[in-house]
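Below: final_5.cif (mmCIF, C-alpha atoms; chains and numbers go by the auth columns)
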data_start
loop_
_atom_site.group_PDB
_atom_site.id
_atom_site.type_symbol
_atom_site.label_atom_id
_atom_site.label_comp_id
_atom_site.label_asym_id
_atom_site.label_seq_id
_atom_site.Cartn_x
_atom_site.Cartn_y
_atom_site.Cartn_z
_atom_site.B_iso_or_equiv
_atom_site.auth_seq_id
_atom_site.auth_asym_id
ATOM 1 C CA MET A 1 -1.302 -17.681 -29.085 0.00 18 A
ATOM 2 C CA GLU A 2 2.126 -18.939 -28.115 0.00 19 A
ATOM 3 C CA LEU A 3 2.791 -22.639 -28.562 0.00 20 A
ATOM 4 C CA PRO A 4 4.212 -24.388 -25.498 0.00 21 A
ATOM 5 C CA LEU A 5 7.647 -25.917 -25.220 0.00 22 A
ATOM 6 C CA SER A 6 8.149 -29.033 -27.313 0.00 23 A
ATOM 7 C CA SER A 7 8.944 -31.272 -24.353 0.00 24 A
ATOM 8 C CA PRO A 8 7.498 -29.980 -21.075 0.00 25 A
ATOM 9 C CA ARG A 9 9.224 -30.919 -17.856 0.00 26 A
ATOM 10 C CA THR A 10 7.229 -29.243 -15.105 0.00 27 A
ATOM 11 C CA PRO A 11 3.543 -29.416 -14.173 0.00 28 A
ATOM 12 C CA ALA A 12 3.219 -25.735 -15.148 0.00 29 A
ATOM 13 C CA GLU A 13 4.580 -26.461 -18.643 0.00 30 A
ATOM 14 C CA TYR A 14 2.163 -29.393 -19.065 0.00 31 A
ATOM 15 C CA GLU A 15 -0.687 -27.150 -17.930 0.00 32 A
ATOM 16 C CA LYS A 16 0.358 -24.479 -20.442 0.00 33 A
ATOM 17 C CA ARG A 17 0.146 -27.059 -23.235 0.00 34 A
ATOM 18 C CA ARG A 18 -3.331 -28.147 -22.141 0.00 35 A
ATOM 19 C CA LEU A 19 -4.512 -24.526 -21.944 0.00 36 A
ATOM 20 C CA VAL A 20 -3.249 -23.902 -25.479 0.00 37 A
ATOM 21 C CA ALA A 21 -5.361 -26.891 -26.503 0.00 38 A
ATOM 22 C CA ALA A 22 -8.342 -25.295 -24.703 0.00 39 A
ATOM 23 C CA GLU A 23 -7.850 -22.084 -26.717 0.00 40 A
ATOM 24 C CA LEU A 24 -7.807 -24.141 -29.905 0.00 41 A
ATOM 25 C CA PHE A 25 -10.977 -25.996 -28.830 0.00 42 A
ATOM 26 C CA ASP A 26 -12.628 -22.624 -28.203 0.00 43 A
ATOM 27 C CA GLN A 27 -11.711 -21.377 -31.682 0.00 44 A
ATOM 28 C CA GLY A 28 -13.250 -24.516 -33.199 0.00 45 A
ATOM 29 C CA GLU A 29 -11.158 -24.352 -36.395 0.00 46 A
ATOM 30 C CA LEU A 30 -8.989 -27.436 -35.924 0.00 47 A
ATOM 31 C CA SER A 31 -9.856 -31.073 -35.425 0.00 48 A
ATOM 32 C CA GLN A 32 -8.607 -32.942 -32.374 0.00 49 A
ATOM 33 C CA ALA A 33 -6.133 -34.818 -34.593 0.00 50 A
ATOM 34 C CA ALA A 34 -4.749 -31.526 -35.950 0.00 51 A
ATOM 35 C CA ILE A 35 -4.400 -30.145 -32.418 0.00 52 A
ATOM 36 C CA ALA A 36 -2.594 -33.326 -31.386 0.00 53 A
ATOM 37 C CA ARG A 37 -0.117 -32.941 -34.283 0.00 54 A
ATOM 38 C CA LEU A 38 0.376 -29.247 -33.535 0.00 55 A
ATOM 39 C CA LEU A 39 1.096 -29.861 -29.845 0.00 56 A
ATOM 40 C CA GLY A 40 3.041 -33.090 -30.347 0.00 57 A
ATOM 41 C CA VAL A 41 0.756 -35.291 -28.264 0.00 58 A
ATOM 42 C CA SER A 42 -1.470 -38.276 -28.914 0.00 59 A
ATOM 43 C CA ARG A 43 -5.014 -37.953 -30.251 0.00 60 A
ATOM 44 C CA GLN A 44 -6.211 -39.815 -27.168 0.00 61 A
ATOM 45 C CA ALA A 45 -4.707 -37.156 -24.881 0.00 62 A
ATOM 46 C CA VAL A 46 -6.391 -34.367 -26.842 0.00 63 A
ATOM 47 C CA HIS A 47 -9.704 -36.250 -26.757 0.00 64 A
ATOM 48 C CA LYS A 48 -9.416 -36.636 -22.982 0.00 65 A
ATOM 49 C CA TRP A 49 -8.579 -32.909 -22.592 0.00 66 A
ATOM 50 C CA HIS A 50 -11.492 -31.953 -24.863 0.00 67 A
ATOM 51 C CA THR A 51 -13.947 -34.051 -22.863 0.00 68 A
ATOM 52 C CA ALA A 52 -12.753 -32.500 -19.581 0.00 69 A
ATOM 53 C CA TRP A 53 -12.811 -28.995 -21.103 0.00 70 A
ATOM 54 C CA LYS A 54 -16.336 -29.506 -22.503 0.00 71 A
ATOM 55 C CA ASN A 55 -17.693 -30.858 -19.187 0.00 72 A
ATOM 56 C CA GLU A 56 -15.885 -28.639 -16.676 0.00 73 A
ATOM 57 C CA GLY A 57 -14.281 -25.760 -18.581 0.00 74 A
ATOM 58 C CA PRO A 58 -10.626 -24.705 -18.736 0.00 75 A
ATOM 59 C CA ALA A 59 -10.205 -25.194 -14.977 0.00 76 A
ATOM 60 C CA ALA A 60 -10.324 -28.963 -15.583 0.00 77 A
ATOM 61 C CA LEU A 61 -7.029 -28.662 -17.480 0.00 78 A
ATOM 62 C CA ALA A 62 -5.155 -26.921 -14.642 0.00 79 A
ATOM 63 C CA ALA A 63 -2.181 -28.643 -13.009 0.00 80 A
ATOM 64 C CA ARG A 64 -2.911 -30.447 -9.773 0.00 81 A
ATOM 65 C CA PRO A 65 -0.412 -31.361 -7.074 0.00 82 A
ATOM 66 C CA ARG A 66 0.904 -34.900 -7.429 0.00 83 A
ATOM 67 C CA GLY A 67 2.150 -37.289 -4.785 0.00 84 A
ATOM 68 C CA ALA A 68 2.148 -37.146 -1.044 0.00 85 A
ATOM 69 C CA GLU A 69 3.404 -34.268 1.035 0.00 86 A
ATOM 70 C CA PRO A 70 6.982 -34.794 2.256 0.00 87 A
ATOM 71 C CA PHE A 71 7.389 -35.955 5.850 0.00 88 A
ATOM 72 C CA LEU A 72 9.763 -33.077 6.608 0.00 89 A
ATOM 73 C CA ASN A 73 9.164 -29.499 5.505 0.00 90 A
ATOM 74 C CA GLY A 74 11.960 -27.217 4.282 0.00 91 A
ATOM 75 C CA GLU A 75 12.788 -25.841 7.719 0.00 92 A
ATOM 76 C CA GLN A 76 12.993 -29.345 9.186 0.00 93 A
ATOM 77 C CA GLN A 77 15.206 -30.484 6.299 0.00 94 A
ATOM 78 C CA ARG A 78 17.598 -27.587 6.960 0.00 95 A
ATOM 79 C CA ALA A 79 17.657 -28.516 10.660 0.00 96 A
ATOM 80 C CA LEU A 80 18.366 -32.149 9.740 0.00 97 A
ATOM 81 C CA ALA A 81 21.231 -31.078 7.458 0.00 98 A
ATOM 82 C CA ALA A 82 22.734 -29.121 10.363 0.00 99 A
ATOM 83 C CA LEU A 83 22.405 -32.169 12.615 0.00 100 A
ATOM 84 C CA LEU A 84 24.081 -34.391 10.001 0.00 101 A
ATOM 85 C CA ASP A 85 26.987 -31.942 9.748 0.00 102 A
ATOM 86 C CA SER A 86 27.862 -32.870 13.313 0.00 103 A
ATOM 87 C CA SER A 87 29.524 -36.138 14.205 0.00 104 A
ATOM 88 C CA PRO A 88 27.468 -39.285 14.904 0.00 105 A
ATOM 89 C CA THR A 89 29.438 -39.669 18.144 0.00 106 A
ATOM 90 C CA GLU A 90 27.854 -36.407 19.337 0.00 107 A
ATOM 91 C CA HIS A 91 24.508 -38.199 19.081 0.00 108 A
ATOM 92 C CA GLY A 92 25.624 -41.258 21.024 0.00 109 A
ATOM 93 C CA TRP A 93 26.876 -43.652 18.342 0.00 110 A
ATOM 94 C CA PRO A 94 30.263 -45.307 18.782 0.00 111 A
ATOM 95 C CA ASP A 95 31.769 -44.483 15.367 0.00 112 A
ATOM 96 C CA GLN A 96 31.849 -41.784 12.693 0.00 113 A
ATOM 97 C CA SER A 97 29.421 -43.346 10.183 0.00 114 A
ATOM 98 C CA TRP A 98 25.967 -42.006 9.424 0.00 115 A
ATOM 99 C CA THR A 99 23.840 -44.972 8.347 0.00 116 A
ATOM 100 C CA LEU A 100 20.273 -44.825 7.066 0.00 117 A
ATOM 101 C CA ASP A 101 19.039 -46.432 10.289 0.00 118 A
ATOM 102 C CA ARG A 102 20.876 -43.846 12.363 0.00 119 A
ATOM 103 C CA VAL A 103 19.520 -40.971 10.285 0.00 120 A
ATOM 104 C CA ASN A 104 16.013 -42.454 10.579 0.00 121 A
ATOM 105 C CA HIS A 105 16.461 -42.700 14.351 0.00 122 A
ATOM 106 C CA LEU A 106 17.629 -39.068 14.474 0.00 123 A
ATOM 107 C CA ILE A 107 14.636 -37.930 12.377 0.00 124 A
ATOM 108 C CA ASN A 108 12.271 -39.841 14.659 0.00 125 A
ATOM 109 C CA GLU A 109 13.910 -38.446 17.790 0.00 126 A
ATOM 110 C CA ARG A 110 13.983 -34.799 16.644 0.00 127 A
ATOM 111 C CA PHE A 111 10.929 -34.477 14.376 0.00 128 A
ATOM 112 C CA HIS A 112 8.701 -37.364 15.561 0.00 129 A
ATOM 113 C CA VAL A 113 8.554 -38.827 12.061 0.00 130 A
ATOM 114 C CA ALA A 114 9.572 -42.399 11.263 0.00 131 A
ATOM 115 C CA TYR A 115 10.270 -43.814 7.831 0.00 132 A
ATOM 116 C CA ALA A 116 9.133 -47.439 7.568 0.00 133 A
ATOM 117 C CA ASP A 117 11.742 -48.231 4.944 0.00 134 A
ATOM 118 C CA PRO A 118 15.372 -47.026 4.753 0.00 135 A
ATOM 119 C CA SER A 119 14.863 -46.226 1.063 0.00 136 A
ATOM 120 C CA GLY A 120 12.618 -43.322 2.111 0.00 137 A
ATOM 121 C CA VAL A 121 15.460 -41.905 4.198 0.00 138 A
ATOM 122 C CA TRP A 122 17.827 -42.396 1.258 0.00 139 A
ATOM 123 C CA ARG A 123 15.509 -40.559 -1.146 0.00 140 A
ATOM 124 C CA LEU A 124 15.149 -37.703 1.376 0.00 141 A
ATOM 125 C CA LEU A 125 18.928 -37.415 1.707 0.00 142 A
ATOM 126 C CA GLN A 126 19.350 -37.428 -2.070 0.00 143 A
ATOM 127 C CA ARG A 127 16.779 -34.620 -2.439 0.00 144 A
ATOM 128 C CA MET A 128 18.713 -32.698 0.205 0.00 145 A
ATOM 129 C CA GLY A 129 21.930 -33.068 -1.826 0.00 146 A
ATOM 130 C CA PHE A 130 23.674 -35.747 0.228 0.00 147 A
ATOM 131 C CA SER A 131 25.484 -38.589 -1.488 0.00 148 A
ATOM 132 C CA HIS A 132 26.668 -42.053 -0.504 0.00 149 A
ATOM 133 C CA GLN A 133 30.207 -41.776 0.753 0.00 150 A
ATOM 134 C CA VAL A 134 32.293 -44.295 2.602 0.00 151 A
ATOM 135 C CA PRO A 135 35.434 -42.998 4.251 0.00 152 A
ATOM 136 C CA ALA A 136 38.677 -44.408 2.872 0.00 153 A
ATOM 137 C CA THR A 137 40.183 -46.636 5.518 0.00 154 A
ATOM 138 C CA ARG A 138 43.942 -46.804 5.665 0.00 155 A
ATOM 139 C CA ALA A 139 46.108 -48.869 7.944 0.00 156 A
ATOM 140 C CA ALA A 140 47.770 -46.806 10.656 0.00 157 A
ATOM 141 C CA GLU A 141 51.121 -48.427 9.811 0.00 158 A
ATOM 142 C CA ARG A 142 50.835 -47.695 6.064 0.00 159 A
ATOM 143 C CA ASP A 143 54.109 -46.404 4.585 0.00 160 A
ATOM 144 C CA GLU A 144 53.341 -44.138 1.598 0.00 161 A
ATOM 145 C CA GLU A 145 56.939 -44.188 0.363 0.00 162 A
ATOM 146 C CA GLU A 146 56.960 -47.990 0.319 0.00 163 A
ATOM 147 C CA VAL A 147 53.615 -48.045 -1.519 0.00 164 A
ATOM 148 C CA ASP A 148 54.957 -45.649 -4.166 0.00 165 A
ATOM 149 C CA ARG A 149 58.164 -47.697 -4.542 0.00 166 A
ATOM 150 C CA TRP A 150 56.143 -50.894 -5.011 0.00 167 A
ATOM 151 C CA ARG A 151 53.804 -49.222 -7.502 0.00 168 A
ATOM 152 C CA THR A 152 56.635 -47.802 -9.640 0.00 169 A
ATOM 153 C CA GLN A 153 59.291 -50.551 -9.376 0.00 170 A
ATOM 154 C CA VAL A 154 57.831 -53.911 -8.352 0.00 171 A
ATOM 155 C CA TRP A 155 54.447 -53.823 -10.086 0.00 172 A
ATOM 156 C CA PRO A 156 55.776 -53.039 -13.602 0.00 173 A
ATOM 157 C CA ARG A 157 58.189 -56.012 -13.343 0.00 174 A
ATOM 158 C CA ALA A 158 55.446 -58.328 -12.063 0.00 175 A
ATOM 159 C CA LYS A 159 53.081 -57.146 -14.777 0.00 176 A
ATOM 160 C CA ARG A 160 55.662 -57.738 -17.549 0.00 177 A
ATOM 161 C CA GLY A 161 56.195 -61.329 -16.410 0.00 178 A
ATOM 162 C CA ARG A 162 52.758 -62.453 -17.533 0.00 179 A
#
Encoded form using structure tokens:
Amino acid sequence: MELPLSSPRTPAEYEKRRLVAAELFDQGELSQAAIARLLGVSRQAVHKWHTAWKNEGPAALAARPRGAEPFLNGEQQRALAALLDSSPTEHGWPDQSWTLDRVNHLINERFHVAYADPSGVWRLLQRMGFSHQVPATRAAERDEEEVDRWRTQVWPRAKRGR
């Protein structure tokens, strides 16, 4: 019997740890407290697993899907990413900024799904690998040479005067 990873991260790793506990229950050589120490979990968790195992068998310790299904499937997310690669002006907005409301509107228009809260759109975009970026705005009349001169000559003198 192979002991599971010390700190599981995925549902499959958690399930593996519970199934190791089930094997140990089946052998009947160790107490629940000893199994808890061996697996690095609480005695209460082992007791709960043992009760489920005794009543329903090892299948009761299997991983189950958690949470709700995503609003957009993988294919729809790829299509949304392609849409977001284009300019917002191509979709009828007056400027070049994708906002959460605009993305939500686009999702609703193309996939007939509406997020009630912009945070849902933000979490979707994060899962898709997008990040919050605001374009750097620069004055059209900005003179880079003058900025560099000020930064290297004027600012050090002003800073010294304090």
Query raised in the report: Contacts of region 83-96 of chain A at 8 Å or less, counting all atoms listed in the file, minus same-chain residues fewer than 3 places along, as a PyMOL selection string?
Result: chain A and resi 99-100+128+130+145
Requested in this report: Choose the residue, out of A:Lys176, A:Leu36, A:Ser114, A:Glu163, that has the smallest atom-to-atom separation from His149 (chain A); count all atoms listed in the file.
Outcome: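 Closest candidate: A:Ser114.
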**Report entry** Point (12.5, -37.8, 3.4), cut-off 8 Å, counting only C-alpha atoms, residues as JSON, numbers by chain
**Finding:** {"A": [87, 88, 89, 132, 137, 138, 139, 140, 141, 142, 144]}
Query raised in the report: Contacts of region 30-34 of chain A at 7 Å or less, counting only C-alpha atoms, minus same-chain residues fewer than 5 places along, as a list in words?
Result: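 Once the adjacent positions are removed, what remains is Pro21, Pro25, Leu78, Ala79 and Ala80 of chain A.
Atom pair CA of Glu107 (chain A) / CA of Glu126 (chain A): separated by 14.2 Å.
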Centre and edge lengths of an axis-aligned box around all listed atoms of region 125-131 of chain A, with 8 Å added on each side, are to be given in Å to one decimal, as lines of an AutoDock Vina configuration file.
center_x = 11.3
center_y = -38.4
center_z = 14.5
size_x = 21.4
size_y = 23.9
size_z = 22.5
Query raised in the report: What is the CA of Trp115 (chain A)-CA of Leu101 (chain A) distance in Å, reported with one decimal?
Result: 7.9 Å
Query raised in the report: Which of these residues is nearest to Leu41 (chain A), using only C-alpha atoms: A:His67, A:His108, A:Arg60, A:Arg155?
Result: A:His67
Query raised in the report: Just how far from CA of Ala98 (chain A) is CA of Ile124 (chain A), in Å to one decimal?
Result: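 Calculated distance between CA of Ile124 (chain A) and CA of Ala98 (chain A) is 10.7 Å.
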Report task. Find the residue from A:Gly146, A:Phe42, A:Leu97, A:Ala76 that sits nearest to Asn125 (chain A); use all atoms listed in the file when measuring. Result ->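 Of the candidates, the smallest distance to Asn125 (chain A) is held by A:Leu97.
Remark: for Ser148 (chain A), the closest of the candidate residues A:Ala29, A:Leu117, A:Ala38, A:Ile52 is A:Leu117 (distances computed over only C-alpha atoms).
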Query raised in the report: What do you get, as a PyMOL selection string, if you spell out every residue that the PyMOL selection byres ((chain A and resi 53) around 12) selects here?
Result: chain A and resi 34-35+37-39+41-42+47-52+54-67
Could you turn the residues from that selection into a file that holds C-alpha atoms, as a CSV table (one decimal), keeping the file's coordinate frame?
chain,number,residue,atom,x,y,z
A,34,ARG,CA,0.1,-27.1,-23.2
A,35,ARG,CA,-3.3,-28.1,-22.1
A,37,VAL,CA,-3.2,-23.9,-25.5
A,38,ALA,CA,-5.4,-26.9,-26.5
A,39,ALA,CA,-8.3,-25.3,-24.7
A,41,LEU,CA,-7.8,-24.1,-29.9
A,42,PHE,CA,-11.0,-26.0,-28.8
A,47,LEU,CA,-9.0,-27.4,-35.9
A,48,SER,CA,-9.9,-31.1,-35.4
A,49,GLN,CA,-8.6,-32.9,-32.4
A,50,ALA,CA,-6.1,-34.8,-34.6
A,51,ALA,CA,-4.7,-31.5,-36.0
A,52,ILE,CA,-4.4,-30.1,-32.4
A,54,ARG,CA,-0.1,-32.9,-34.3
A,55,LEU,CA,0.4,-29.2,-33.5
A,56,LEU,CA,1.1,-29.9,-29.8
A,57,GLY,CA,3.0,-33.1,-30.3
A,58,VAL,CA,0.8,-35.3,-28.3
A,59,SER,CA,-1.5,-38.3,-28.9
A,60,ARG,CA,-5.0,-38.0,-30.3
A,61,GLN,CA,-6.2,-39.8,-27.2
A,62,ALA,CA,-4.7,-37.2,-24.9
A,63,VAL,CA,-6.4,-34.4,-26.8
A,64,HIS,CA,-9.7,-36.2,-26.8
A,65,LYS,CA,-9.4,-36.6,-23.0
A,66,TRP,CA,-8.6,-32.9,-22.6
A,67,HIS,CA,-11.5,-32.0,-24.9
Query raised in the report: Smallest atom-to-atom distance to Ala131 (chain A): which of A:Pro28, A:Thr106, A:Gln143, A:Asp118, using all atoms listed in the file?
Result: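 Looking only at the distances to Ala131 (chain A), the closest residue turns out to be A:Asp118.
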All heavy atoms are what I want for region 42-53 of chain A; can you complete it accordingly and write them as a PDB file, in the coordinates of the input?
ATOM      1  N   PHE A  42      -9.616 -25.435 -28.877  1.00  0.00           N
ATOM      2  CA  PHE A  42     -10.977 -25.996 -28.830  1.00  0.00           C
ATOM      3  C   PHE A  42     -11.982 -24.854 -28.957  1.00  0.00           C
ATOM      4  O   PHE A  42     -12.974 -24.959 -29.670  1.00  0.00           O
ATOM      5  CB  PHE A  42     -11.249 -26.728 -27.509  1.00  0.00           C
ATOM      6  CG  PHE A  42     -10.374 -27.918 -27.226  1.00  0.00           C
ATOM      7  CD1 PHE A  42     -10.074 -28.281 -25.914  1.00  0.00           C
ATOM      8  CD2 PHE A  42      -9.852 -28.703 -28.242  1.00  0.00           C
ATOM      9  CE1 PHE A  42      -9.292 -29.373 -25.632  1.00  0.00           C
ATOM     10  CE2 PHE A  42      -9.060 -29.809 -27.967  1.00  0.00           C
ATOM     11  CZ  PHE A  42      -8.774 -30.136 -26.652  1.00  0.00           C
ATOM     12  N   ASP A  43     -11.719 -23.766 -28.229  1.00  0.00           N
ATOM     13  CA  ASP A  43     -12.628 -22.624 -28.203  1.00  0.00           C
ATOM     14  C   ASP A  43     -12.767 -21.990 -29.594  1.00  0.00           C
ATOM     15  O   ASP A  43     -13.854 -21.571 -29.972  1.00  0.00           O
ATOM     16  CB  ASP A  43     -12.105 -21.596 -27.193  1.00  0.00           C
ATOM     17  CG  ASP A  43     -13.216 -20.724 -26.633  1.00  0.00           C
ATOM     18  OD1 ASP A  43     -14.374 -21.160 -26.651  1.00  0.00           O
ATOM     19  OD2 ASP A  43     -12.891 -19.611 -26.176  1.00  0.00           O
ATOM     20  N   GLN A  44     -11.665 -21.944 -30.331  1.00  0.00           N
ATOM     21  CA  GLN A  44     -11.711 -21.377 -31.682  1.00  0.00           C
ATOM     22  C   GLN A  44     -12.511 -22.271 -32.628  1.00  0.00           C
ATOM     23  O   GLN A  44     -13.148 -21.784 -33.557  1.00  0.00           O
ATOM     24  CB  GLN A  44     -10.298 -21.180 -32.233  1.00  0.00           C
ATOM     25  CG  GLN A  44      -9.520 -20.104 -31.511  1.00  0.00           C
ATOM     26  CD  GLN A  44      -8.059 -20.060 -31.938  1.00  0.00           C
ATOM     27  OE1 GLN A  44      -7.649 -20.790 -32.836  1.00  0.00           O
ATOM     28  NE2 GLN A  44      -7.277 -19.214 -31.278  1.00  0.00           N
ATOM     29  N   GLY A  45     -12.464 -23.576 -32.414  1.00  0.00           N
ATOM     30  CA  GLY A  45     -13.250 -24.516 -33.199  1.00  0.00           C
ATOM     31  C   GLY A  45     -12.816 -24.694 -34.642  1.00  0.00           C
ATOM     32  O   GLY A  45     -13.569 -25.232 -35.451  1.00  0.00           O
ATOM     33  N   GLU A  46     -11.608 -24.273 -35.003  1.00  0.00           N
ATOM     34  CA  GLU A  46     -11.158 -24.352 -36.395  1.00  0.00           C
ATOM     35  C   GLU A  46     -10.411 -25.645 -36.709  1.00  0.00           C
ATOM     36  O   GLU A  46     -10.373 -26.079 -37.854  1.00  0.00           O
ATOM     37  CB  GLU A  46     -10.258 -23.154 -36.713  1.00  0.00           C
ATOM     38  CG  GLU A  46     -10.976 -21.830 -36.612  1.00  0.00           C
ATOM     39  CD  GLU A  46     -10.031 -20.651 -36.780  1.00  0.00           C
ATOM     40  OE1 GLU A  46      -8.856 -20.876 -37.127  1.00  0.00           O
ATOM     41  OE2 GLU A  46     -10.481 -19.522 -36.563  1.00  0.00           O
ATOM     42  N   LEU A  47      -9.818 -26.247 -35.700  1.00  0.00           N
ATOM     43  CA  LEU A  47      -8.989 -27.436 -35.924  1.00  0.00           C
ATOM     44  C   LEU A  47      -9.647 -28.677 -35.342  1.00  0.00           C
ATOM     45  O   LEU A  47     -10.334 -28.615 -34.323  1.00  0.00           O
ATOM     46  CB  LEU A  47      -7.610 -27.248 -35.287  1.00  0.00           C
ATOM     47  CG  LEU A  47      -6.735 -26.124 -35.850  1.00  0.00           C
ATOM     48  CD1 LEU A  47      -5.463 -25.986 -35.014  1.00  0.00           C
ATOM     49  CD2 LEU A  47      -6.384 -26.395 -37.297  1.00  0.00           C
ATOM     50  N   SER A  48      -9.380 -29.802 -35.969  1.00  0.00           N
ATOM     51  CA  SER A  48      -9.856 -31.073 -35.425  1.00  0.00           C
ATOM     52  C   SER A  48      -8.955 -31.487 -34.258  1.00  0.00           C
ATOM     53  O   SER A  48      -7.855 -30.948 -34.082  1.00  0.00           O
ATOM     54  CB  SER A  48      -9.808 -32.157 -36.505  1.00  0.00           C
ATOM     55  OG  SER A  48      -8.460 -32.443 -36.842  1.00  0.00           O
ATOM     56  N   GLN A  49      -9.418 -32.454 -33.484  1.00  0.00           N
ATOM     57  CA  GLN A  49      -8.607 -32.942 -32.374  1.00  0.00           C
ATOM     58  C   GLN A  49      -7.303 -33.545 -32.885  1.00  0.00           C
ATOM     59  O   GLN A  49      -6.246 -33.365 -32.275  1.00  0.00           O
ATOM     60  CB  GLN A  49      -9.392 -33.964 -31.559  1.00  0.00           C
ATOM     61  CG  GLN A  49     -10.521 -33.349 -30.767  1.00  0.00           C
ATOM     62  CD  GLN A  49     -11.263 -34.369 -29.928  1.00  0.00           C
ATOM     63  OE1 GLN A  49     -10.802 -35.493 -29.735  1.00  0.00           O
ATOM     64  NE2 GLN A  49     -12.428 -33.974 -29.430  1.00  0.00           N
ATOM     65  N   ALA A  50      -7.351 -34.228 -34.023  1.00  0.00           N
ATOM     66  CA  ALA A  50      -6.133 -34.818 -34.593  1.00  0.00           C
ATOM     67  C   ALA A  50      -5.142 -33.731 -34.989  1.00  0.00           C
ATOM     68  O   ALA A  50      -3.930 -33.865 -34.766  1.00  0.00           O
ATOM     69  CB  ALA A  50      -6.483 -35.687 -35.799  1.00  0.00           C
ATOM     70  N   ALA A  51      -5.628 -32.628 -35.557  1.00  0.00           N
ATOM     71  CA  ALA A  51      -4.749 -31.526 -35.950  1.00  0.00           C
ATOM     72  C   ALA A  51      -4.135 -30.863 -34.718  1.00  0.00           C
ATOM     73  O   ALA A  51      -2.948 -30.499 -34.723  1.00  0.00           O
ATOM     74  CB  ALA A  51      -5.523 -30.501 -36.775  1.00  0.00           C
ATOM     75  N   ILE A  52      -4.919 -30.719 -33.666  1.00  0.00           N
ATOM     76  CA  ILE A  52      -4.400 -30.145 -32.418  1.00  0.00           C
ATOM     77  C   ILE A  52      -3.330 -31.066 -31.834  1.00  0.00           C
ATOM     78  O   ILE A  52      -2.287 -30.605 -31.372  1.00  0.00           O
ATOM     79  CB  ILE A  52      -5.548 -29.888 -31.420  1.00  0.00           C
ATOM     80  CG1 ILE A  52      -6.471 -28.788 -31.947  1.00  0.00           C
ATOM     81  CG2 ILE A  52      -5.003 -29.520 -30.043  1.00  0.00           C
ATOM     82  CD1 ILE A  52      -7.741 -28.589 -31.137  1.00  0.00           C
ATOM     83  N   ALA A  53      -3.578 -32.358 -31.894  1.00  0.00           N
ATOM     84  CA  ALA A  53      -2.594 -33.326 -31.386  1.00  0.00           C
ATOM     85  C   ALA A  53      -1.278 -33.201 -32.145  1.00  0.00           C
ATOM     86  O   ALA A  53      -0.196 -33.188 -31.540  1.00  0.00           O
ATOM     87  CB  ALA A  53      -3.147 -34.752 -31.493  1.00  0.00           C
TER      88      ALA A  53
END
